[in-house]
file my_file.txt (compact mmCIF, C-alpha atoms and all ligand atoms)
# COMPACT_ATOMS: atom_id res chain seq x y z
CA MET A 1 -17.38 -22.93 4.03
CA THR A 2 -17.97 -19.24 4.42
CA ALA A 3 -14.90 -17.07 4.81
CA THR A 4 -14.13 -14.75 7.69
CA ILE A 5 -14.25 -11.21 6.33
CA ILE A 6 -11.04 -9.42 7.34
CA ASP A 7 -12.13 -5.94 8.35
CA GLY A 8 -9.36 -3.68 7.05
CA LYS A 9 -11.31 -0.58 7.92
CA ALA A 10 -11.54 -1.48 11.60
CA PHE A 11 -7.90 -2.68 11.70
CA ALA A 12 -6.78 0.57 10.07
CA GLY A 13 -8.70 2.50 12.73
CA ARG A 14 -6.76 0.70 15.47
CA ILE A 15 -3.44 1.43 13.74
CA ARG A 16 -4.34 5.10 13.42
CA ALA A 17 -5.18 5.20 17.14
CA GLN A 18 -1.74 3.72 17.95
CA VAL A 19 -0.11 6.24 15.61
CA ALA A 20 -1.98 9.11 17.28
CA GLN A 21 -0.82 7.91 20.72
CA HIS A 22 2.78 7.76 19.62
CA VAL A 23 2.51 11.19 17.96
CA ALA A 24 1.11 12.69 21.18
CA ARG A 25 3.99 11.18 23.15
CA ILE A 26 6.80 12.45 20.92
CA LYS A 27 5.16 15.87 20.80
CA SER A 28 4.95 16.17 24.57
CA ASP A 29 8.25 14.44 25.43
CA HIS A 30 10.43 15.73 22.62
CA GLY A 31 8.59 18.71 21.11
CA VAL A 32 8.61 17.10 17.66
CA THR A 33 5.54 16.99 15.40
CA PRO A 34 5.75 14.42 12.58
CA GLY A 35 4.92 15.98 9.23
CA LEU A 36 3.83 14.40 5.94
CA ALA A 37 4.06 16.14 2.57
CA VAL A 38 1.92 14.80 -0.27
CA VAL A 39 2.58 15.95 -3.83
CA LEU A 40 -0.08 15.55 -6.48
CA VAL A 41 0.66 16.38 -10.10
CA GLY A 42 -2.45 16.71 -12.26
CA GLU A 43 -6.13 16.26 -11.56
CA ASP A 44 -6.76 12.51 -11.63
CA PRO A 45 -10.09 12.25 -9.72
CA ALA A 46 -9.18 8.99 -7.89
CA SER A 47 -5.82 10.46 -6.79
CA GLN A 48 -7.60 13.57 -5.52
CA VAL A 49 -9.84 11.37 -3.35
CA TYR A 50 -6.80 9.56 -1.83
CA VAL A 51 -4.86 12.76 -1.30
CA ARG A 52 -7.80 14.40 0.50
CA SER A 53 -8.27 11.34 2.65
CA LYS A 54 -4.54 11.20 3.50
CA GLY A 55 -4.54 14.88 4.49
CA LYS A 56 -7.58 14.46 6.74
CA GLN A 57 -6.27 11.35 8.49
CA THR A 58 -2.82 12.89 8.94
CA GLY A 59 -4.41 15.82 10.78
CA GLU A 60 -6.60 13.54 12.88
CA ALA A 61 -3.50 11.66 14.06
CA GLY A 62 -2.04 14.95 15.31
CA MET A 63 0.55 15.21 12.56
CA ALA A 64 1.30 18.13 10.26
CA SER A 65 0.06 17.76 6.71
CA PHE A 66 1.50 19.62 3.74
CA GLU A 67 -0.28 19.33 0.40
CA HIS A 68 1.29 20.41 -2.87
CA ARG A 69 -0.96 20.36 -5.92
CA LEU A 70 0.83 21.03 -9.20
CA ASP A 71 -0.85 21.26 -12.57
CA ALA A 72 -0.58 18.42 -15.05
CA GLY A 73 1.86 20.35 -17.26
CA THR A 74 4.43 20.93 -14.48
CA ALA A 75 8.01 20.51 -15.75
CA GLN A 76 10.08 17.69 -14.26
CA GLU A 77 12.69 20.17 -13.02
CA ASP A 78 10.04 22.09 -11.10
CA LEU A 79 8.84 18.88 -9.45
CA LEU A 80 12.46 17.98 -8.63
CA ALA A 81 12.95 21.45 -7.12
CA LEU A 82 9.91 20.92 -4.90
CA VAL A 83 11.25 17.52 -3.79
CA ALA A 84 14.61 19.15 -2.94
CA GLN A 85 12.80 21.79 -0.90
CA LEU A 86 10.85 19.12 1.02
CA ASN A 87 14.03 17.09 1.59
CA ALA A 88 15.56 20.18 3.22
CA ASP A 89 12.49 21.12 5.28
CA PRO A 90 12.91 20.01 8.93
CA ALA A 91 9.12 20.06 9.48
CA VAL A 92 8.69 17.36 6.82
CA HIS A 93 9.50 13.76 7.84
CA GLY A 94 7.61 11.96 5.09
CA ILE A 95 7.34 12.73 1.37
CA LEU A 96 4.85 11.00 -0.91
CA VAL A 97 4.64 11.83 -4.60
CA GLN A 98 1.34 10.43 -5.80
CA LEU A 99 1.69 7.98 -8.72
CA PRO A 100 1.15 7.67 -11.60
CA LEU A 101 2.88 10.86 -12.77
CA PRO A 102 2.09 12.45 -16.15
CA ASP A 103 3.91 10.81 -19.08
CA HIS A 104 6.42 13.63 -19.62
CA ILE A 105 7.90 13.08 -16.15
CA GLU A 106 10.38 10.27 -15.47
CA THR A 107 9.04 8.52 -12.40
CA ASP A 108 12.36 6.88 -11.51
CA ALA A 109 14.17 10.23 -11.52
CA VAL A 110 11.60 11.72 -9.14
CA LEU A 111 11.66 8.74 -6.78
CA ALA A 112 15.47 8.80 -6.77
CA ALA A 113 15.41 12.46 -5.72
CA ILE A 114 13.47 11.78 -2.50
CA ASP A 115 15.64 11.54 0.63
CA PRO A 116 15.46 7.79 1.47
CA ALA A 117 14.99 8.71 5.15
CA LYS A 118 11.78 10.57 4.21
CA ASP A 119 10.64 8.03 1.62
CA VAL A 120 7.44 6.89 3.38
CA ASP A 121 6.31 5.06 0.22
CA GLY A 122 9.47 2.92 0.29
CA PHE A 123 9.94 3.31 -3.47
CA HIS A 124 13.52 4.71 -3.47
CA VAL A 125 16.06 2.12 -4.68
CA SER A 126 17.90 2.38 -1.36
CA ASN A 127 14.80 1.25 0.51
CA VAL A 128 14.02 -1.39 -2.12
CA GLY A 129 17.55 -2.77 -1.67
CA LEU A 130 17.40 -2.63 2.12
CA LEU A 131 14.10 -4.53 2.12
CA ALA A 132 15.44 -7.12 -0.35
CA THR A 133 18.51 -7.74 1.82
CA GLY A 134 16.51 -7.98 5.03
CA GLN A 135 17.73 -4.69 6.50
CA LYS A 136 15.81 -1.92 8.19
CA ALA A 137 13.97 -0.08 5.40
CA MET A 138 10.99 2.14 4.79
CA VAL A 139 8.46 -0.45 3.62
CA PRO A 140 5.81 0.29 0.95
CA CYS A 141 2.46 0.99 2.62
CA THR A 142 0.16 -1.35 0.68
CA PRO A 143 2.26 -4.51 1.12
CA LEU A 144 2.94 -3.57 4.75
CA GLY A 145 -0.81 -3.31 5.38
CA CYS A 146 -1.36 -6.70 3.71
CA LEU A 147 1.38 -8.27 5.86
CA MET A 148 -0.15 -6.87 9.05
CA MET A 149 -3.55 -8.36 8.16
CA LEU A 150 -1.99 -11.74 7.31
CA ARG A 151 -0.01 -11.88 10.58
CA ASP A 152 -3.06 -10.80 12.54
CA HIS A 153 -5.23 -13.46 10.97
CA LEU A 154 -2.78 -16.37 10.63
CA GLY A 155 -0.14 -15.71 13.27
CA ASP A 156 3.20 -17.21 12.19
CA LEU A 157 3.47 -17.27 8.40
CA SER A 158 6.59 -19.44 8.17
CA GLY A 159 6.47 -22.31 5.72
CA ARG A 160 3.19 -21.24 4.17
CA GLU A 161 2.63 -21.39 0.40
CA ALA A 162 1.99 -17.84 -0.80
CA VAL A 163 1.10 -16.71 -4.31
CA VAL A 164 1.35 -13.03 -5.19
CA ILE A 165 -0.39 -12.15 -8.45
CA GLY A 166 1.26 -9.06 -9.92
CA ARG A 167 4.92 -7.98 -10.00
CA SER A 168 4.73 -4.20 -9.87
CA ASN A 169 7.36 -2.25 -7.96
CA ILE A 170 4.71 -0.71 -5.73
CA VAL A 171 2.76 -3.82 -4.71
CA GLY A 172 3.71 -7.25 -6.08
CA LYS A 173 7.49 -7.24 -5.67
CA PRO A 174 7.66 -5.69 -2.18
CA MET A 175 4.79 -7.98 -1.09
CA ALA A 176 6.82 -10.99 -2.22
CA GLN A 177 9.86 -9.69 -0.30
CA LEU A 178 7.85 -9.25 2.89
CA LEU A 179 6.34 -12.74 2.65
CA LEU A 180 9.79 -14.18 2.03
CA GLY A 181 11.01 -12.22 5.06
CA ASP A 182 8.34 -14.04 7.08
CA SER A 183 9.59 -17.37 5.63
CA CYS A 184 6.71 -18.14 3.29
CA THR A 185 7.36 -20.14 0.13
CA VAL A 186 6.59 -17.42 -2.39
CA THR A 187 5.47 -17.62 -6.01
CA VAL A 188 5.10 -14.40 -7.98
CA ALA A 189 2.64 -14.72 -10.87
CA HIS A 190 2.15 -12.19 -13.68
CA SER A 191 0.69 -11.82 -17.15
CA ARG A 192 3.05 -14.45 -18.63
CA THR A 193 2.33 -17.05 -15.97
CA ARG A 194 1.10 -20.32 -17.48
CA ASP A 195 -2.04 -21.80 -15.96
CA LEU A 196 -2.64 -19.18 -13.30
CA PRO A 197 -5.68 -21.02 -11.87
CA GLU A 198 -3.48 -24.05 -11.05
CA VAL A 199 -0.78 -21.85 -9.51
CA VAL A 200 -3.36 -20.11 -7.32
CA ARG A 201 -4.91 -23.45 -6.28
CA ARG A 202 -1.78 -24.43 -4.37
CA ALA A 203 -1.71 -21.25 -2.30
CA GLU A 204 -2.58 -21.01 1.37
CA ILE A 205 -2.12 -17.25 0.99
CA VAL A 206 -3.23 -15.39 -2.14
CA VAL A 207 -2.42 -11.72 -2.66
CA ALA A 208 -4.09 -10.37 -5.81
CA ALA A 209 -2.64 -7.10 -7.18
CA VAL A 210 -3.51 -7.18 -10.86
CA GLY A 211 -5.83 -4.28 -11.59
CA ARG A 212 -8.40 -6.41 -13.43
CA PRO A 213 -11.90 -6.48 -11.97
CA GLU A 214 -12.79 -9.88 -10.44
CA MET A 215 -10.23 -11.71 -12.56
CA VAL A 216 -9.37 -14.24 -9.83
CA LYS A 217 -12.25 -16.71 -9.81
CA GLY A 218 -13.76 -18.41 -6.79
CA ASP A 219 -12.89 -21.89 -8.06
CA TRP A 220 -9.18 -20.99 -8.20
CA ILE A 221 -9.09 -20.60 -4.42
CA ALA A 222 -7.99 -23.54 -2.26
CA PRO A 223 -10.45 -24.35 0.52
CA GLY A 224 -9.49 -22.43 3.63
CA ALA A 225 -6.98 -20.12 1.93
CA THR A 226 -6.49 -16.53 3.09
CA VAL A 227 -7.18 -14.08 0.26
CA ILE A 228 -5.92 -10.50 0.26
CA ASP A 229 -7.48 -8.45 -2.52
CA VAL A 230 -5.43 -5.36 -3.34
CA GLY A 231 -7.34 -4.44 -6.50
CA ILE A 232 -9.28 -1.19 -6.67
CA ASN A 233 -11.36 -1.18 -9.85
CA ARG A 234 -14.20 1.20 -10.54
CA VAL A 235 -16.87 -0.51 -12.67
CA ALA A 236 -20.37 0.36 -13.86
CA GLY A 237 -22.98 -0.13 -11.14
CA GLU A 238 -26.74 0.29 -11.11
CA GLY A 239 -28.09 3.00 -13.40
CA ASP A 240 -25.40 5.61 -13.95
CA LYS A 241 -23.63 4.84 -10.67
CA THR A 242 -20.21 3.24 -10.39
CA ARG A 243 -18.96 0.85 -7.71
CA LEU A 244 -15.59 -0.47 -6.56
CA VAL A 245 -14.62 -4.10 -6.99
CA GLY A 246 -11.38 -5.91 -6.29
CA ASP A 247 -9.31 -8.28 -8.42
CA VAL A 248 -11.05 -11.29 -6.84
CA GLU A 249 -14.55 -12.56 -7.56
CA PHE A 250 -15.55 -11.85 -3.98
CA THR A 251 -18.86 -13.67 -3.52
CA ALA A 252 -17.64 -16.93 -5.06
CA ALA A 253 -14.23 -16.78 -3.35
CA ALA A 254 -15.86 -16.15 0.05
CA GLN A 255 -17.63 -19.53 -0.30
CA VAL A 256 -14.31 -21.42 -0.29
CA ALA A 257 -11.70 -19.19 1.33
CA GLY A 258 -10.93 -19.30 5.04
CA ALA A 259 -10.67 -15.51 5.12
CA ILE A 260 -10.87 -12.70 2.60
CA THR A 261 -10.51 -8.92 2.51
CA PRO A 262 -13.40 -6.93 1.03
CA VAL A 263 -13.16 -4.06 -1.47
CA PRO A 264 -13.76 -1.39 -0.33
CA GLY A 265 -12.90 -1.66 3.35
CA GLY A 266 -9.92 -4.03 3.10
CA VAL A 267 -6.44 -3.15 1.88
CA GLY A 268 -7.25 0.48 0.95
CA PRO A 269 -7.76 1.85 4.46
CA MET A 270 -4.74 -0.16 5.68
CA THR A 271 -2.57 1.53 3.04
CA ILE A 272 -3.34 4.97 4.42
CA ALA A 273 -2.93 3.84 8.04
CA CYS A 274 0.50 2.41 7.14
CA LEU A 275 1.43 5.68 5.48
CA LEU A 276 0.79 7.46 8.78
CA ALA A 277 2.70 4.74 10.63
CA ASN A 278 5.64 5.10 8.23
CA THR A 279 5.65 8.87 8.75
CA VAL A 280 5.96 8.44 12.53
CA THR A 281 8.65 5.79 12.02
CA ALA A 282 10.58 8.10 9.68
CA CYS A 283 10.26 10.97 12.16
CA CYS A 284 11.57 8.81 15.01
CA ARG A 285 14.52 7.54 12.96
CA ILE A 286 15.42 11.07 11.81
CA HIS A 287 15.36 12.37 15.41
CA GLY A 288 16.84 9.25 17.04
CA LEU A 289 13.67 8.63 19.09
CA PRO A 290 12.21 5.25 20.06
CA GLU A 291 10.11 3.85 17.21
CA PRO A 292 6.49 2.81 17.64
CA GLU A 293 6.18 -0.94 18.25
CA GLY A 294 4.21 -3.22 15.93
CA LEU A 295 3.89 -0.64 13.18
CA THR A 296 6.87 -1.72 11.07
CA ALA A 297 7.72 -4.93 9.24
N1 LIG A 301 -5.59 -0.82 -2.09
C1 LIG A 301 -4.52 -0.07 -2.28
O1 LIG A 301 -4.08 0.60 -1.38
C2 LIG A 301 -3.84 -0.09 -3.59
C3 LIG A 301 -4.45 -0.69 -4.63
N2 LIG A 301 -3.83 -0.77 -5.83
C4 LIG A 301 -4.56 -1.51 -6.88
O2 LIG A 301 -3.92 -2.77 -7.04
C5 LIG A 301 -3.99 -3.18 -8.40
C6 LIG A 301 -2.58 -3.45 -8.91
O3 LIG A 301 -1.84 -2.26 -8.84
P1 LIG A 301 -0.35 -2.14 -9.44
O4 LIG A 301 0.49 -3.20 -8.85
O5 LIG A 301 0.04 -0.75 -9.31
O6 LIG A 301 -0.68 -2.48 -10.98
P2 LIG A 301 0.28 -2.65 -12.25
O7 LIG A 301 -0.60 -2.42 -13.42
O8 LIG A 301 1.53 -1.89 -12.08
O9 LIG A 301 0.67 -4.20 -12.19
C7 LIG A 301 -0.26 -5.19 -12.48
C8 LIG A 301 0.41 -6.55 -12.45
O10 LIG A 301 -0.58 -7.52 -12.76
C9 LIG A 301 -0.09 -8.38 -13.76
N3 LIG A 301 -1.16 -8.84 -14.64
C10 LIG A 301 -1.90 -8.12 -15.51
N4 LIG A 301 -2.78 -8.90 -16.15
C11 LIG A 301 -2.60 -10.15 -15.69
C12 LIG A 301 -3.18 -11.39 -15.96
N5 LIG A 301 -4.14 -11.52 -16.88
N6 LIG A 301 -2.76 -12.47 -15.28
C13 LIG A 301 -1.78 -12.37 -14.36
N7 LIG A 301 -1.19 -11.21 -14.04
C14 LIG A 301 -1.58 -10.11 -14.70
C15 LIG A 301 0.91 -7.57 -14.55
O11 LIG A 301 1.83 -8.47 -15.16
P3 LIG A 301 3.04 -7.99 -16.11
O12 LIG A 301 4.09 -7.46 -15.17
O13 LIG A 301 3.45 -9.24 -16.78
O14 LIG A 301 2.48 -6.94 -17.02
C16 LIG A 301 1.54 -6.70 -13.46
O15 LIG A 301 2.64 -7.34 -12.88
C17 LIG A 301 -4.75 -2.07 -9.11
O16 LIG A 301 -6.14 -2.40 -9.10
C18 LIG A 301 -4.53 -0.87 -8.22
O17 LIG A 301 -5.56 0.08 -8.32
C19 LIG A 301 -2.58 -0.29 -6.02
C20 LIG A 301 -1.91 0.33 -5.02
C21 LIG A 301 -2.50 0.53 -3.71
N1 LIG A 302 2.97 7.28 -4.28
C1 LIG A 302 1.85 6.57 -4.17
N2 LIG A 302 1.64 5.83 -3.07
C2 LIG A 302 0.49 5.10 -2.94
O1 LIG A 302 0.31 4.40 -1.92
C3 LIG A 302 -0.48 5.16 -3.99
C4 LIG A 302 -0.20 5.94 -5.11
N3 LIG A 302 0.97 6.63 -5.19
N4 LIG A 302 -1.07 6.00 -6.15
C5 LIG A 302 -2.35 5.31 -6.09
C6 LIG A 302 -2.31 4.09 -5.21
C7 LIG A 302 -3.68 3.64 -4.76
N5 LIG A 302 -3.71 3.86 -3.33
C8 LIG A 302 -4.85 3.70 -2.53
C9 LIG A 302 -4.92 4.21 -1.25
C10 LIG A 302 -6.09 4.11 -0.51
C11 LIG A 302 -7.20 3.51 -1.02
C12 LIG A 302 -8.46 3.47 -0.22
O2 LIG A 302 -8.54 4.01 0.87
N6 LIG A 302 -9.52 2.82 -0.73
C13 LIG A 302 -10.83 2.74 -0.07
C14 LIG A 302 -11.93 3.22 -0.99
C15 LIG A 302 -11.71 4.61 -1.53
C16 LIG A 302 -12.75 4.97 -2.58
O3 LIG A 302 -13.97 4.93 -2.25
O4 LIG A 302 -12.36 5.28 -3.72
C17 LIG A 302 -11.13 1.29 0.28
O5 LIG A 302 -10.58 0.40 -0.39
O6 LIG A 302 -11.94 1.06 1.17
C18 LIG A 302 -7.13 2.97 -2.28
C19 LIG A 302 -5.97 3.06 -3.02
C20 LIG A 302 -2.51 4.35 -2.92
N7 LIG A 302 -1.67 4.46 -3.93
call {"tool": "encode", "arguments": {"input": "my_file.txt", "output": "structure tokens", "more": "lines below"}}
Ligand SMILES: NC(=O)C1=CN([C@@H]2O[C@H](COP(=O)(O)OP(=O)(O)OC[C@H]3O[C@@H](n4cnc5c(N)ncnc54)[C@H](OP(=O)(O)O)[C@@H]3O)[C@@H](O)[C@H]2O)C=CC1
Ligand SMILES: Nc1nc(=O)c2c([nH]1)NC[C@@H]1CN(c3ccc(C(=O)N[C@@H](CCC(=O)O)C(=O)O)cc3)C=[N+]21
result
Amino acid sequence: MTATIIDGKAFAGRIRAQVAQHVARIKSDHGVTPGLAVVLVGEDPASQVYVRSKGKQTGEAGMASFEHRLDAGTAQEDLLALVAQLNADPAVHGILVQLPLPDHIETDAVLAAIDPAKDVDGFHVSNVGLLATGQKAMVPCTPLGCLMMLRDHLGDLSGREAVVIGRSNIVGKPMAQLLLGDSCTVTVAHSRTRDLPEVVRRAEIVVAAVGRPEMVKGDWIAPGATVIDVGINRVAGEGDKTRLVGDVEFTAAAQVAGAITPVPGGVGPMTIACLLANTVTACCRIHGLPEPEGLTA
């Protein structure tokens, strides 16, 4: 069998077009322009790439983009003061503080300071709790993008055996919550899981969010399974070049899977598209306007 390649890049393009349409409508009908503020502390090269890409796509969707670049030595209180300023700014509907933060800053304290209504990453404990209890929440972008691709490819997910590899707060746990919300039978695997290959073999849906290049082997995948590869790992390529690979051994997995997302061009572009979607959703909720359809969980 040769898997269908799920084209996250194309899907993300369609989501951005829907976002742009909704933005145009709320601008003309209500005079409101959704705005996204992105805060980057330090000079991590990968983070700089994402932040640039977010800023560009935010502008292309007709939204306002505010970028705050702070140096790596910024004191926690100064970052908290910036968050307070963004919370109070009526032009800002979404706030994203790029992670990871430098070691001297307490991530939980910063996330807790973000107004949950503007928390487009969905990392604030209020949103985590709302999602876990099945209430209307801001949903983390990466898992939301994965869910959209799964629904698009498989239709109804209810009753399906899903294995999420990874239990981080930003990907694995919210992914598991979303799959449970769609009535999958969910297993969350992690570094202490015994016999991971056997656990993965029973999955109809595999979401790999480990951060280890090509760790999930092709012969772990059940024939016909749908594989979502969240991993973004930069490895040595030809000569002195580098290339991106996922957490799944793509070529081997594509021989057995029913469908698989590529890296790059899979989950990554969907994450940014969902960030834009979440910003419009946040803006609509803040202003009591009708929310875009199909862009939330
Ligand atoms: N495409 C996108 O938009 C995004 C991609 N990413 C990428 O996704 C990957 C995961 O990110 P993130 O969740 O933040 O990573 P974390 O490092 O926070 O979490 C990794 C998880 O993988 C588990 N793990 C590590 N080693 C093993 C192993 N040998 N077997 C089973 N499980 C293991 C860890 O288990 P334990 O808890 O026991 O330590 C942990 O739960 C990274 O490659 C990251 O770059 C992340 C965010 C967005
Ligand atoms: N507060 C916060 N929220 C995040 O959502 C967040 C974060 N911090 N820190 C880092 C991770 C990682 N992340 C990615 C976003 C887009 C791509 C992406 O677009 N990837 C392209 C390739 C980009 C490239 O070439 O490097 C692709 O997969 O096709 C990847 C990874 C968001 N994250």
call {"tool": "residues_around", "arguments": {"input": "my_file.txt", "residues": "Lys27 in chain A", "least_positions_apart": "4", "cutoff": "12 Å", "atoms": "all atoms listed in the file", "output": "CSV table (one decimal) with C-alpha atoms, in the frame of the given file"}}
result
chain,number,residue,atom,x,y,z
A,20,ALA,CA,-2.0,9.1,17.3
A,21,GLN,CA,-0.8,7.9,20.7
A,22,HIS,CA,2.8,7.8,19.6
A,23,VAL,CA,2.5,11.2,18.0
A,31,GLY,CA,8.6,18.7,21.1
A,32,VAL,CA,8.6,17.1,17.7
A,33,THR,CA,5.5,17.0,15.4
A,34,PRO,CA,5.8,14.4,12.6
A,35,GLY,CA,4.9,16.0,9.2
A,61,ALA,CA,-3.5,11.7,14.1
A,62,GLY,CA,-2.0,15.0,15.3
A,63,MET,CA,0.6,15.2,12.6
A,64,ALA,CA,1.3,18.1,10.3
A,280,VAL,CA,6.0,8.4,12.5
A,283,CYS,CA,10.3,11.0,12.2
A,284,CYS,CA,11.6,8.8,15.0
A,289,LEU,CA,13.7,8.6,19.1
call {"tool": "closest_residue", "arguments": {"input": "my_file.txt", "among": "A:Ala203, A:Ile272, A:Ala259, A:Leu196", "to": "Val216 in chain A", "atoms": "only C-alpha atoms"}}
result
A:Leu196
call {"tool": "residues_around", "arguments": {"input": "my_file.txt", "residues": "Val207 in chain A", "least_positions_apart": "4", "cutoff": "7 Å", "atoms": "all atoms listed in the file", "output": "compact mmCIF listing (two decimals) with C-alpha atoms, in the coordinates of the input"}}
result
# COMPACT_ATOMS: atom_id res chain seq x y z
CA VAL A 163 1.10 -16.71 -4.31
CA VAL A 164 1.35 -13.03 -5.19
CA ILE A 165 -0.39 -12.15 -8.45
CA VAL A 227 -7.18 -14.08 0.26
CA ILE A 228 -5.92 -10.50 0.26
CA ASP A 229 -7.48 -8.45 -2.52
call {"tool": "residues_near_ligand", "arguments": {"input": "my_file.txt", "ligand": "ligand LIG 301 (chain A)", "cutoff": "10 Å", "atoms": "only C-alpha atoms and all ligand atoms", "output": "PyMOL selection string"}}
result
chain A and resi 46+50+99-100+140-143+145-146+164-173+188-197+208-213+215-216+228-234+244-247+263-272+274
call {"tool": "atom_distance", "arguments": {"input": "my_file.txt", "atom1": "CA of Leu147 in chain A", "atom2": "CA of Gly94 in chain A"}}
result
21.2 Å
call {"tool": "atom_distance", "arguments": {"input": "my_file.txt", "atom1": "CA of Ile15 in chain A", "atom2": "atom C7 of ligand LIG 302 (chain A)"}}
result
18.6 Å
call {"tool": "atom_distance", "arguments": {"input": "my_file.txt", "atom1": "CA of Ile6 in chain A", "atom2": "CA of Gln48 in chain A"}}
result
26.6 Å
call {"tool": "axis_aligned_box", "arguments": {"input": "my_file.txt", "around": "ligand LIG 302 (chain A)", "padding_each_side": "5 Å", "output": "lines of an AutoDock Vina configuration file"}}
result
center_x = -5.5
center_y = 3.8
center_z = -2.5
size_x = 26.9
size_y = 16.9
size_z = 17.3
call {"tool": "closest_residue", "arguments": {"input": "my_file.txt", "among": "A:Gly13, A:Gly42, A:Pro290, A:Gly73", "to": "Asp29 in chain A", "atoms": "only C-alpha atoms"}}
result
A:Pro290
call {"tool": "closest_residue", "arguments": {"input": "my_file.txt", "among": "A:Lys56, A:Arg14, A:Arg25, A:Lys118", "to": "Ala84 in chain A", "atoms": "only C-alpha atoms"}}
result
A:Lys118
call {"tool": "residues_near_point", "arguments": {"input": "my_file.txt", "point": "(8.9, 12.3, -9.8)", "cutoff": "10 Å", "atoms": "only C-alpha atoms", "output": "PyMOL selection string"}}
result
chain A and resi 39+41+76-80+82-83+96-102+105-114
call {"tool": "write_last_selection", "arguments": {"input": "my_file.txt", "atoms": "C-alpha atoms", "output": "PDB file, in the frame of the given file"}}
result
ATOM      1  CA  VAL A  39       2.580  15.950  -3.830  1.00  0.00           C
ATOM      2  CA  VAL A  41       0.660  16.380 -10.100  1.00  0.00           C
ATOM      3  CA  GLN A  76      10.080  17.690 -14.260  1.00  0.00           C
ATOM      4  CA  GLU A  77      12.690  20.170 -13.020  1.00  0.00           C
ATOM      5  CA  ASP A  78      10.040  22.090 -11.100  1.00  0.00           C
ATOM      6  CA  LEU A  79       8.840  18.880  -9.450  1.00  0.00           C
ATOM      7  CA  LEU A  80      12.460  17.980  -8.630  1.00  0.00           C
ATOM      8  CA  LEU A  82       9.910  20.920  -4.900  1.00  0.00           C
ATOM      9  CA  VAL A  83      11.250  17.520  -3.790  1.00  0.00           C
ATOM     10  CA  LEU A  96       4.850  11.000  -0.910  1.00  0.00           C
ATOM     11  CA  VAL A  97       4.640  11.830  -4.600  1.00  0.00           C
ATOM     12  CA  GLN A  98       1.340  10.430  -5.800  1.00  0.00           C
ATOM     13  CA  LEU A  99       1.690   7.980  -8.720  1.00  0.00           C
ATOM     14  CA  PRO A 100       1.150   7.670 -11.600  1.00  0.00           C
ATOM     15  CA  LEU A 101       2.880  10.860 -12.770  1.00  0.00           C
ATOM     16  CA  PRO A 102       2.090  12.450 -16.150  1.00  0.00           C
ATOM     17  CA  ILE A 105       7.900  13.080 -16.150  1.00  0.00           C
ATOM     18  CA  GLU A 106      10.380  10.270 -15.470  1.00  0.00           C
ATOM     19  CA  THR A 107       9.040   8.520 -12.400  1.00  0.00           C
ATOM     20  CA  ASP A 108      12.360   6.880 -11.510  1.00  0.00           C
ATOM     21  CA  ALA A 109      14.170  10.230 -11.520  1.00  0.00           C
ATOM     22  CA  VAL A 110      11.600  11.720  -9.140  1.00  0.00           C
ATOM     23  CA  LEU A 111      11.660   8.740  -6.780  1.00  0.00           C
ATOM     24  CA  ALA A 112      15.470   8.800  -6.770  1.00  0.00           C
ATOM     25  CA  ALA A 113      15.410  12.460  -5.720  1.00  0.00           C
ATOM     26  CA  ILE A 114      13.470  11.780  -2.500  1.00  0.00           C
TER      27      ILE A 114
END
call {"tool": "closest_residue", "arguments": {"input": "my_file.txt", "among": "A:Ala252, A:Val38, A:Leu180, A:Met148", "to": "Phe11 in chain A", "atoms": "all atoms listed in the file"}}
result
A:Met148
call {"tool": "closest_residue", "arguments": {"input": "my_file.txt", "among": "A:Arg160, A:His287, A:Arg52, A:His30", "to": "ligand LIG 302 (chain A)", "atoms": "only C-alpha atoms and all ligand atoms"}}
result
A:Arg52
call {"tool": "closest_residue", "arguments": {"input": "my_file.txt", "among": "A:Ser28, A:Asn127, A:Thr185, A:Thr261", "to": "ligand LIG 302 (chain A)", "atoms": "only C-alpha atoms and all ligand atoms"}}
result
A:Thr261
call {"tool": "build_atoms", "arguments": {"input": "my_file.txt", "residues": "range 80-87 of chain A", "atoms": "N, CA and C atoms", "output": "compact mmCIF listing (two decimals), in the coordinates of the input"}}
result
# COMPACT_ATOMS: atom_id res chain seq x y z
N LEU A 80 11.22 18.33 -9.33
CA LEU A 80 12.46 17.98 -8.63
C LEU A 80 12.86 19.07 -7.64
N ALA A 81 12.62 20.33 -8.02
CA ALA A 81 12.95 21.45 -7.12
C ALA A 81 12.07 21.39 -5.88
N LEU A 82 10.80 21.04 -6.06
CA LEU A 82 9.91 20.92 -4.90
C LEU A 82 10.38 19.78 -3.98
N VAL A 83 10.76 18.65 -4.59
CA VAL A 83 11.25 17.52 -3.79
C VAL A 83 12.50 17.94 -2.99
N ALA A 84 13.39 18.69 -3.63
CA ALA A 84 14.61 19.15 -2.94
C ALA A 84 14.24 20.06 -1.76
N GLN A 85 13.26 20.89 -1.96
CA GLN A 85 12.80 21.79 -0.90
C GLN A 85 12.22 20.99 0.27
N LEU A 86 11.45 19.96 -0.04
CA LEU A 86 10.85 19.12 1.02
C LEU A 86 11.92 18.29 1.73
N ASN A 87 12.91 17.82 0.97
CA ASN A 87 14.03 17.09 1.59
C ASN A 87 14.72 17.95 2.64
